[in-house]
Structure formats: structure tokens, C-alpha cells
file final35.cif (mmCIF, C-alpha atoms)
data_model
loop_
_atom_site.label_atom_id
_atom_site.label_comp_id
_atom_site.auth_asym_id
_atom_site.auth_seq_id
_atom_site.Cartn_x
_atom_site.Cartn_y
_atom_site.Cartn_z
CA MET O 1 76.70 -84.12 146.99
CA GLU O 2 74.97 -83.90 150.35
CA ILE O 3 71.18 -84.04 150.31
CA THR O 4 69.68 -81.58 152.76
CA PRO O 5 66.18 -80.16 153.23
CA ALA O 6 67.49 -76.97 151.54
CA VAL O 7 68.39 -78.97 148.41
CA LEU O 8 65.01 -80.73 148.36
CA ARG O 9 63.21 -77.38 148.72
CA THR O 10 64.43 -76.42 145.23
CA LEU O 11 62.64 -79.44 143.71
CA ASP O 12 58.92 -79.15 142.99
CA LEU O 13 58.39 -82.83 143.89
CA PHE O 14 58.79 -81.74 147.50
CA MET O 15 56.84 -78.47 147.38
CA GLY O 16 54.71 -77.86 150.48
CA LEU O 17 56.61 -80.22 152.82
CA SER O 18 57.93 -79.19 156.22
CA GLU O 19 61.57 -79.07 157.26
CA GLU O 20 61.10 -82.26 159.30
CA GLN O 21 59.43 -84.12 156.46
CA LEU O 22 62.19 -83.05 154.06
CA ALA O 23 64.83 -84.23 156.53
CA VAL O 24 63.33 -87.74 156.54
CA LEU O 25 63.12 -87.83 152.75
CA ALA O 26 66.72 -86.64 152.48
CA LYS O 27 67.73 -89.79 154.40
CA ILE O 28 65.62 -92.10 152.22
CA GLY O 29 67.05 -90.82 148.92
CA ARG O 30 70.32 -92.07 147.42
CA VAL O 31 72.62 -90.03 145.23
CA SER O 32 74.03 -91.60 142.06
CA VAL O 33 76.33 -90.16 139.44
CA PHE O 34 76.04 -91.13 135.79
CA HIS O 35 78.28 -90.29 132.85
CA ARG O 36 77.57 -89.46 129.22
CA GLY O 37 76.00 -92.43 127.48
CA ASP O 38 75.09 -94.31 130.67
CA VAL O 39 71.60 -95.82 130.64
CA VAL O 40 69.76 -94.99 133.86
CA LEU O 41 66.79 -97.19 133.07
CA ARG O 42 65.57 -99.03 130.00
CA ALA O 43 62.14 -99.24 128.41
CA GLY O 44 60.34 -102.44 129.37
CA GLU O 45 62.13 -102.91 132.68
CA GLN O 46 60.05 -103.59 135.76
CA SER O 47 60.96 -101.17 138.51
CA ILE O 48 59.13 -98.54 140.54
CA ASN O 49 62.09 -96.44 141.65
CA VAL O 50 61.67 -92.69 141.23
CA TYR O 51 64.48 -90.37 140.14
CA VAL O 52 65.10 -86.64 140.39
CA VAL O 53 67.78 -84.89 138.35
CA LEU O 54 69.93 -82.80 140.70
CA LYS O 55 72.59 -81.81 138.19
CA GLY O 56 73.25 -82.40 134.50
CA GLN O 57 70.85 -83.59 131.81
CA VAL O 58 69.29 -86.90 130.78
CA GLU O 59 67.39 -87.72 127.62
CA VAL O 60 64.11 -89.60 127.43
CA VAL O 61 64.27 -91.91 124.41
CA SER O 62 61.56 -94.02 122.81
CA GLU O 63 62.84 -97.23 121.25
CA LEU O 64 60.06 -98.77 119.20
CA ALA O 65 61.13 -101.53 116.81
CA GLU O 66 64.23 -100.10 115.10
CA ASN O 67 63.19 -96.47 115.54
CA THR O 68 64.86 -94.44 118.26
CA THR O 69 63.21 -91.10 118.98
CA SER O 70 64.32 -88.43 121.41
CA LEU O 71 61.24 -87.39 123.39
CA VAL O 72 62.59 -84.75 125.74
CA ILE O 73 65.63 -83.73 127.73
CA LEU O 74 65.25 -83.48 131.50
CA GLY O 75 67.50 -81.12 133.42
CA ALA O 76 67.88 -80.10 137.03
CA GLY O 77 64.80 -80.51 139.16
CA GLN O 78 62.95 -82.92 136.89
CA THR O 79 61.39 -86.15 138.09
CA PHE O 80 61.13 -89.37 136.11
CA GLY O 81 60.07 -92.92 136.86
CA GLU O 82 56.90 -91.75 138.58
CA MET O 83 54.59 -93.37 136.01
CA SER O 84 55.67 -96.87 136.98
CA LEU O 85 55.34 -95.98 140.65
CA LEU O 86 51.72 -94.99 140.05
CA ASP O 87 50.59 -97.73 137.65
CA ALA O 88 53.16 -100.51 138.28
CA GLY O 89 53.63 -100.83 134.52
CA PRO O 90 56.98 -101.37 132.78
CA ARG O 91 59.22 -98.42 132.00
CA SER O 92 57.76 -96.64 128.98
CA ALA O 93 61.03 -95.12 127.73
CA THR O 94 64.77 -95.36 128.09
CA ILE O 95 66.62 -92.70 130.07
CA ARG O 96 70.18 -91.93 129.04
CA CYS O 97 72.70 -89.48 130.48
CA ILE O 98 73.66 -86.90 127.83
CA SER O 99 75.76 -84.47 129.86
CA ALA O 100 79.36 -85.14 130.86
CA GLU O 101 77.99 -86.06 134.26
CA ALA O 102 74.52 -86.19 135.81
CA THR O 103 73.75 -86.42 139.51
CA LEU O 104 70.47 -88.13 140.32
CA LEU O 105 68.53 -88.59 143.52
CA THR O 106 66.93 -92.04 143.58
CA PHE O 107 64.07 -93.18 145.78
CA ASP O 108 63.33 -96.86 146.22
CA GLY O 109 59.70 -97.01 145.12
CA GLY O 110 58.65 -99.56 147.74
CA GLU O 111 60.26 -97.58 150.53
CA LEU O 112 58.61 -94.41 149.30
CA LEU O 113 55.16 -96.04 149.18
CA ARG O 114 55.61 -97.38 152.73
CA PHE O 115 56.64 -93.92 153.94
CA TRP O 116 53.55 -92.40 152.29
CA GLU O 117 51.38 -95.00 154.05
CA GLN O 118 52.87 -94.00 157.40
CA GLU O 119 52.88 -90.27 156.69
CA SER O 120 49.72 -89.77 154.65
CA ARG O 121 50.04 -85.96 154.54
CA VAL O 122 53.46 -86.38 152.90
CA GLY O 123 51.97 -88.94 150.53
CA TYR O 124 49.09 -86.61 149.61
CA ARG O 125 51.43 -83.68 148.99
CA MET O 126 53.95 -85.62 146.92
CA ILE O 127 51.27 -87.34 144.81
CA PHE O 128 49.67 -83.91 144.28
CA ASN O 129 53.08 -82.60 143.17
CA ILE O 130 53.54 -85.56 140.82
CA ALA O 131 50.07 -84.99 139.36
CA ARG O 132 50.85 -81.29 138.89
CA ASP O 133 54.09 -82.19 137.11
CA LEU O 134 52.26 -84.61 134.81
CA ALA O 135 49.70 -81.87 134.06
CA PHE O 136 52.57 -79.51 133.22
CA LYS O 137 54.01 -82.08 130.80
CA LEU O 138 50.58 -82.69 129.24
CA ARG O 139 50.07 -78.95 128.68
CA ILE O 140 53.45 -78.79 126.95
CA ARG O 141 52.51 -81.76 124.80
CA ASN O 142 49.21 -80.14 123.85
CA LEU O 143 51.02 -76.92 122.93
CA THR O 144 53.77 -78.54 120.89
CA THR O 145 51.60 -81.06 119.05
CA SER O 146 49.34 -78.21 117.87
CA VAL O 147 52.27 -76.86 115.82
CA PRO O 148 52.83 -78.53 112.43
CA ASN O 149 55.55 -81.17 112.49
CA GLU O 150 57.38 -79.60 109.55
CA VAL O 151 57.88 -76.50 111.70
CA MET O 152 58.76 -78.18 114.99
CA LYS O 153 60.50 -81.22 113.45
CA LEU O 154 58.91 -83.33 116.15
CA MET R 1 61.68 -68.00 142.77
CA ILE R 2 62.47 -71.21 140.92
CA TYR R 3 61.48 -71.30 137.25
CA LYS R 4 60.31 -74.61 135.84
CA VAL R 5 60.88 -74.04 132.16
CA SER R 6 59.75 -76.04 129.17
CA TYR R 7 62.01 -75.36 126.19
CA VAL R 8 60.83 -76.20 122.70
CA ILE R 9 63.30 -75.94 119.84
CA ILE R 10 61.95 -74.76 116.49
CA GLY R 11 63.64 -76.60 113.64
CA GLY R 12 66.00 -78.52 115.87
CA ASP R 13 66.79 -82.21 115.89
CA ARG R 14 65.49 -82.55 119.44
CA ARG R 15 62.02 -81.81 120.81
CA GLY R 16 63.14 -79.73 123.75
CA ALA R 17 63.72 -79.91 127.44
CA VAL R 18 62.30 -79.27 130.88
CA ILE R 19 64.66 -77.66 133.36
CA ASN R 20 64.36 -75.92 136.73
CA GLN R 21 66.47 -72.79 136.99
CA ASP R 22 66.92 -69.90 139.41
CA HIS R 23 66.74 -67.15 136.79
CA ALA R 24 63.92 -66.19 134.45
CA PRO R 25 64.54 -66.92 130.77
CA GLU R 26 64.75 -63.80 128.62
CA ILE R 27 64.17 -63.25 124.93
CA GLY R 28 67.51 -63.06 123.12
CA ALA R 29 69.39 -65.03 125.78
CA GLN R 30 71.14 -68.25 124.87
CA VAL R 31 70.67 -71.63 126.47
CA GLU R 32 72.37 -74.97 126.00
CA ILE R 33 69.94 -77.86 125.59
CA GLY R 34 71.75 -81.14 125.30
CA ASP R 35 74.54 -80.39 122.85
CA GLN R 36 72.49 -77.72 121.06
CA LEU R 37 72.99 -74.01 121.69
CA CYS R 38 69.76 -72.06 121.23
CA GLU R 39 68.47 -68.50 121.33
CA ILE R 40 65.23 -67.75 123.15
CA VAL R 41 62.60 -66.18 120.89
CA GLU R 42 59.46 -66.34 123.06
CA VAL R 43 58.61 -66.73 126.74
CA GLN R 44 55.11 -67.35 128.05
CA GLU R 45 53.61 -68.24 131.40
CA LEU R 46 52.12 -71.72 131.17
CA VAL R 47 50.17 -71.69 134.46
CA PRO R 48 50.16 -69.28 137.43
CA PRO R 49 53.00 -69.55 139.94
CA MET R 50 52.54 -71.82 142.96
CA GLY R 51 54.63 -71.50 146.11
CA ASP R 52 58.18 -70.68 145.10
CA PHE R 53 57.73 -72.06 141.58
CA ALA R 54 56.88 -70.33 138.30
CA TYR R 55 55.88 -72.36 135.24
CA LEU R 56 57.09 -71.08 131.87
CA HIS R 57 57.09 -72.21 128.27
CA VAL R 58 59.95 -71.03 126.08
CA THR R 59 60.36 -71.24 122.33
CA CYS R 60 63.90 -71.11 121.03
CA ARG R 61 65.83 -71.64 117.82
CA PRO R 62 69.17 -73.37 117.28
CA ILE R 63 72.20 -71.17 116.70
CA ALA R 64 75.55 -72.22 115.37
CA GLN R 65 78.21 -70.39 117.31
CA PRO R 66 78.44 -70.30 121.13
CA PRO R 67 78.59 -66.63 122.20
CA ALA R 68 80.27 -65.44 125.39
CA ASP R 69 77.16 -64.44 127.37
CA ARG R 70 75.09 -67.59 127.10
CA GLN R 71 72.90 -68.85 129.96
CA ASP R 72 73.33 -72.47 130.98
CA ALA R 73 69.81 -73.73 131.48
#
call {"tool": "encode", "arguments": {"input": "final35.cif", "output": "C-alpha cells"}}
result
Amino acid sequence: MEITPAVLRTLDLFMGLSEEQLAVLAKIGRVSVFHRGDVVLRAGEQSINVYVVLKGQVEVVSELAENTTSLVILGAGQTFGEMSLLDAGPRSATIRCISAEATLLTFDGGELLRFWEQESRVGYRMIFNIARDLAFKLRIRNLTTSVPNEVMKL
Amino acid sequence: MIYKVSYVIIGGDRRGAVINQDHAPEIGAQVEIGDQLCEIVEVQELVPPMGDFAYLHVTCRPIAQPPADRQDA
């Protein structure tokens, strides 16, 4: 799958960026293909790479003690790994491919941070987009946790 | 317009999903979330649109049989 500015324009992580800025980011990103059951990253790992789902679905899984809980499924357009990029903490959950195939766009976190340092307007826009995405997820969490568990089976 | 959609499954084994799609979700339509086929029962705007993106929250319920006209989310 070729990564072009047109592909990146469909992803809200890149909203508000120019054609030229998208072209540079398209060169920085790497495409990886995962298959059902593959672990993309594991809770507790130290890494700051950021991922965007281009195709397929992955599942965010919490593995505390012996309890494994499905938190959410992320489909096309969704970003993950951004928390560790922002706070340098370990991965908070495990990400597993649950579709027959999933195509991911991966950004080396260090390379991305250096690019943001050089191109601060790109950095501002992408961090704004990440913050907006986290706000979206928090709103969903507020909505769903207000519904009784016996109804939602959360 | 690109629709960033949060799907929550009522009574399902999974919490739900977040998916970007190029078509608006509609009540009565079917979507596949993980290995679960669901029917949409409610659609609401979560926040106002920004740029080319709309932000929606969808409630759906699991259904057993895959019909012919389902939407792949």
C-alpha cells in the first residue's frame, strides 16, 4: 500500500496539514501488515512509536494479573501509541490484530519528535489533533460509563 | 466528509469500536465490529464537525445472522 498525501488526508491525525507537510510525513511513515492474532505491541513495553490503522481492525486489551479485558476495537483511521509518545511511560495495553489482516502506518517516535522540533507548525497541529482524539475518546468513556454495567456489559 | 464513529454495543461481549468511514451510519443498518455483526439503533453527534471530519456516537445491538445488505464499518 503506497502512502500518499491523499491517503494521509483521510486520517484525522493529519488534519490541517499542507500537501507539502503530508508528503514529508508520508516518507517518514512505514507500512506494516499484521495477521489475525499478531501482537502489535504489548502492555509494559517501552517504546514511543505511534501507529495508525489504515485497514483492518485491532483490539486494545488490558491484561491485569490473570484478567484479560477487551477495551475497544480500533478500525481504519485510528491512532494508538500516542500516550507513550507524550508521557514516555510504558505501553498501557496490549494491541492485537483481530481481522484477517490489518495494515498499519508506523512512525518512529524519536523521528517524529525531531521532525516536530524542526517544523513546529506541524508539531502544533499534530499534537492538537492527538489532543482532540484523546478528548473524543474521553467523551465516549464518559458516555458509556454512565450506563449501568448490566446493560452495557462493560 | 469522513465520519469518525464510536460504536458501543449494548449487551455484547465487547465494549465497542472507533472507526473512520466515508459514509454516515444509519439506524437499522448493520455493521461488523470485530467478529460481531450488529444493528445500529441510535446515532448522535458527539461534537460539531471540524474540517472534513464529523464525530458521531452510535449505539448498536448484536444480531445473529449476517444479512445481505450489511455495511462494513
call {"tool": "residues_around", "arguments": {"input": "final35.cif", "residues": "Glu19 in chain O", "least_positions_apart": "3", "cutoff": "10 Å", "atoms": "all atoms listed in the file", "output": "list in words"}}
result
Thr4, Pro5, Ala6, Leu8, Arg9, Gly16, Leu22, Ala23, Val24 and Leu25 of chain O
call {"tool": "atom_distance", "arguments": {"input": "final35.cif", "atom1": "CA of Glu20 in chain O", "atom2": "CA of Asp87 in chain O"}}
result
28.6 Å
call {"tool": "residues_around", "arguments": {"input": "final35.cif", "residues": "range 132-140 of chain O", "least_positions_apart": "2", "cutoff": "8 Å", "atoms": "all atoms listed in the file", "output": "PyMOL selection string"}}
result
(chain O and resi 128-130+142-144) or (chain R and resi 6+46+57)
call {"tool": "residues_around", "arguments": {"input": "final35.cif", "residues": "Glu26 in chain R", "least_positions_apart": "5", "cutoff": "10 Å", "atoms": "only C-alpha atoms", "output": "ChimeraX atom specification"}}
result
/R:39-43,58,71
call {"tool": "interface_residues", "arguments": {"input": "final35.cif", "of": "chain O", "to": "chain R", "cutoff": "9 Å", "atoms": "all atoms listed in the file", "output": "MDAnalysis selection string"}}
result
chainID O and resid 10:12 15:16 57:59 69:78 98:99 136:137 139:140 144 150:154
call {"tool": "resolve_selection", "arguments": {"input": "final35.cif", "expression": "the PyMOL selection byres ((chain O and resi 109) around 12)", "output": "PyMOL selection string"}}
result
chain O and resi 28-30+46-51+80-88+106-108+110-116
call {"tool": "atom_distance", "arguments": {"input": "final35.cif", "atom1": "CA of Arg91 in chain O", "atom2": "CA of Glu45 in chain O"}}
result
5.4 Å
call {"tool": "closest_residue", "arguments": {"input": "final35.cif", "among": "O:Gln21, O:Ser32, O:Met1, O:Asn67", "to": "Gly123 in chain O", "atoms": "all atoms listed in the file"}}
result
O:Gln21
call {"tool": "residues_around", "arguments": {"input": "final35.cif", "residues": "Ile63 in chain R", "least_positions_apart": "5", "cutoff": "10 Å", "atoms": "all atoms listed in the file", "output": "list in words"}}
result
Gly12, Gln30, Val31, Gln36, Leu37, Cys38 and Glu39 of chain R
call {"tool": "atom_distance", "arguments": {"input": "final35.cif", "atom1": "CA of Gln118 in chain O", "atom2": "CA of Leu13 in chain O"}}
result
18.4 Å
call {"tool": "axis_aligned_box", "arguments": {"input": "final35.cif", "around": "range 37-50 of chain R", "padding_each_side": "8 Å", "output": "JSON"}}
result
{"center_x": 61.6, "center_y": -70.1, "center_z": 131.9, "size_x": 38.8, "size_y": 23.8, "size_z": 38.1}
call {"tool": "closest_residue", "arguments": {"input": "final35.cif", "among": "O:Leu105, O:Val7, O:Thr79, O:Glu63", "to": "Met126 in chain O", "atoms": "all atoms listed in the file"}}
result
O:Thr79
call {"tool": "residues_around", "arguments": {"input": "final35.cif", "residues": "Ala43 in chain O", "least_positions_apart": "3", "cutoff": "9 Å", "atoms": "all atoms listed in the file", "output": "VMD selection string"}}
result
chain O and resid 46 61 to 63 90 to 95
call {"tool": "build_atoms", "arguments": {"input": "final35.cif", "residues": "range 40-51 of chain R", "atoms": "all heavy atoms", "output": "tab-separated table (two decimals), in the coordinates of the input"}}
result
chain	number	residue	atom	x	y	z
R	40	ILE	N	66.63	-67.84	122.74
R	40	ILE	CA	65.23	-67.75	123.15
R	40	ILE	C	64.51	-66.71	122.30
R	40	ILE	O	64.98	-65.58	122.16
R	40	ILE	CB	65.14	-67.38	124.65
R	40	ILE	CG1	65.75	-68.50	125.50
R	40	ILE	CG2	63.69	-67.11	125.06
R	40	ILE	CD1	65.88	-68.17	126.97
R	41	VAL	N	63.36	-67.12	121.73
R	41	VAL	CA	62.60	-66.18	120.89
R	41	VAL	C	61.24	-65.84	121.49
R	41	VAL	O	60.63	-64.84	121.13
R	41	VAL	CB	62.41	-66.72	119.45
R	41	VAL	CG1	63.75	-66.85	118.76
R	41	VAL	CG2	61.70	-68.06	119.45
R	42	GLU	N	60.75	-66.64	122.43
R	42	GLU	CA	59.46	-66.34	123.06
R	42	GLU	C	59.40	-66.96	124.45
R	42	GLU	O	59.88	-68.08	124.65
R	42	GLU	CB	58.31	-66.88	122.20
R	42	GLU	CG	56.93	-66.49	122.74
R	42	GLU	CD	55.78	-67.10	121.93
R	42	GLU	OE1	55.93	-68.23	121.44
R	42	GLU	OE2	54.75	-66.44	121.81
R	43	VAL	N	58.81	-66.22	125.39
R	43	VAL	CA	58.61	-66.73	126.74
R	43	VAL	C	57.16	-66.51	127.13
R	43	VAL	O	56.65	-65.40	126.96
R	43	VAL	CB	59.51	-66.01	127.77
R	43	VAL	CG1	59.27	-66.54	129.18
R	43	VAL	CG2	60.98	-66.14	127.40
R	44	GLN	N	56.49	-67.54	127.59
R	44	GLN	CA	55.11	-67.35	128.05
R	44	GLN	C	54.86	-68.12	129.35
R	44	GLN	O	55.51	-69.13	129.60
R	44	GLN	CB	54.11	-67.78	126.97
R	44	GLN	CG	54.13	-69.26	126.65
R	44	GLN	CD	53.15	-69.61	125.54
R	44	GLN	OE1	53.51	-69.73	124.37
R	44	GLN	NE2	51.89	-69.77	125.88
R	45	GLU	N	53.96	-67.57	130.16
R	45	GLU	CA	53.61	-68.24	131.40
R	45	GLU	C	52.63	-69.37	131.07
R	45	GLU	O	51.60	-69.12	130.44
R	45	GLU	CB	52.97	-67.25	132.38
R	45	GLU	CG	52.71	-67.85	133.74
R	45	GLU	CD	52.08	-66.85	134.70
R	45	GLU	OE1	50.87	-66.55	134.55
R	45	GLU	OE2	52.80	-66.37	135.59
R	46	LEU	N	52.97	-70.57	131.50
R	46	LEU	CA	52.12	-71.72	131.17
R	46	LEU	C	50.94	-71.81	132.13
R	46	LEU	O	49.79	-71.98	131.71
R	46	LEU	CB	52.95	-73.00	131.21
R	46	LEU	CG	52.37	-74.21	130.50
R	46	LEU	CD1	52.21	-73.96	129.01
R	46	LEU	CD2	53.26	-75.43	130.71
R	47	VAL	N	51.21	-71.72	133.42
R	47	VAL	CA	50.17	-71.69	134.46
R	47	VAL	C	50.65	-70.71	135.53
R	47	VAL	O	51.83	-70.37	135.58
R	47	VAL	CB	49.93	-73.09	135.08
R	47	VAL	CG1	49.27	-74.02	134.08
R	47	VAL	CG2	51.20	-73.70	135.61
R	48	PRO	N	49.74	-70.24	136.39
R	48	PRO	CA	50.16	-69.28	137.43
R	48	PRO	C	51.19	-69.89	138.38
R	48	PRO	O	51.20	-71.11	138.58
R	48	PRO	CB	48.85	-68.97	138.16
R	48	PRO	CG	47.76	-69.34	137.22
R	48	PRO	CD	48.30	-70.48	136.40
R	49	PRO	N	52.01	-69.04	138.99
R	49	PRO	CA	53.00	-69.55	139.94
R	49	PRO	C	52.32	-70.23	141.13
R	49	PRO	O	51.19	-69.90	141.48
R	49	PRO	CB	53.73	-68.28	140.41
R	49	PRO	CG	53.42	-67.25	139.40
R	49	PRO	CD	52.09	-67.59	138.84
R	50	MET	N	53.03	-71.16	141.74
R	50	MET	CA	52.54	-71.82	142.96
R	50	MET	C	53.71	-71.95	143.92
R	50	MET	O	54.75	-72.47	143.54
R	50	MET	CB	51.94	-73.18	142.65
R	50	MET	CG	51.39	-73.88	143.88
R	50	MET	SD	50.69	-75.49	143.47
R	50	MET	CE	49.04	-75.31	144.10
R	51	GLY	N	53.53	-71.46	145.15
R	51	GLY	CA	54.63	-71.50	146.11
R	51	GLY	C	55.81	-70.73	145.56
R	51	GLY	O	55.66	-69.60	145.08
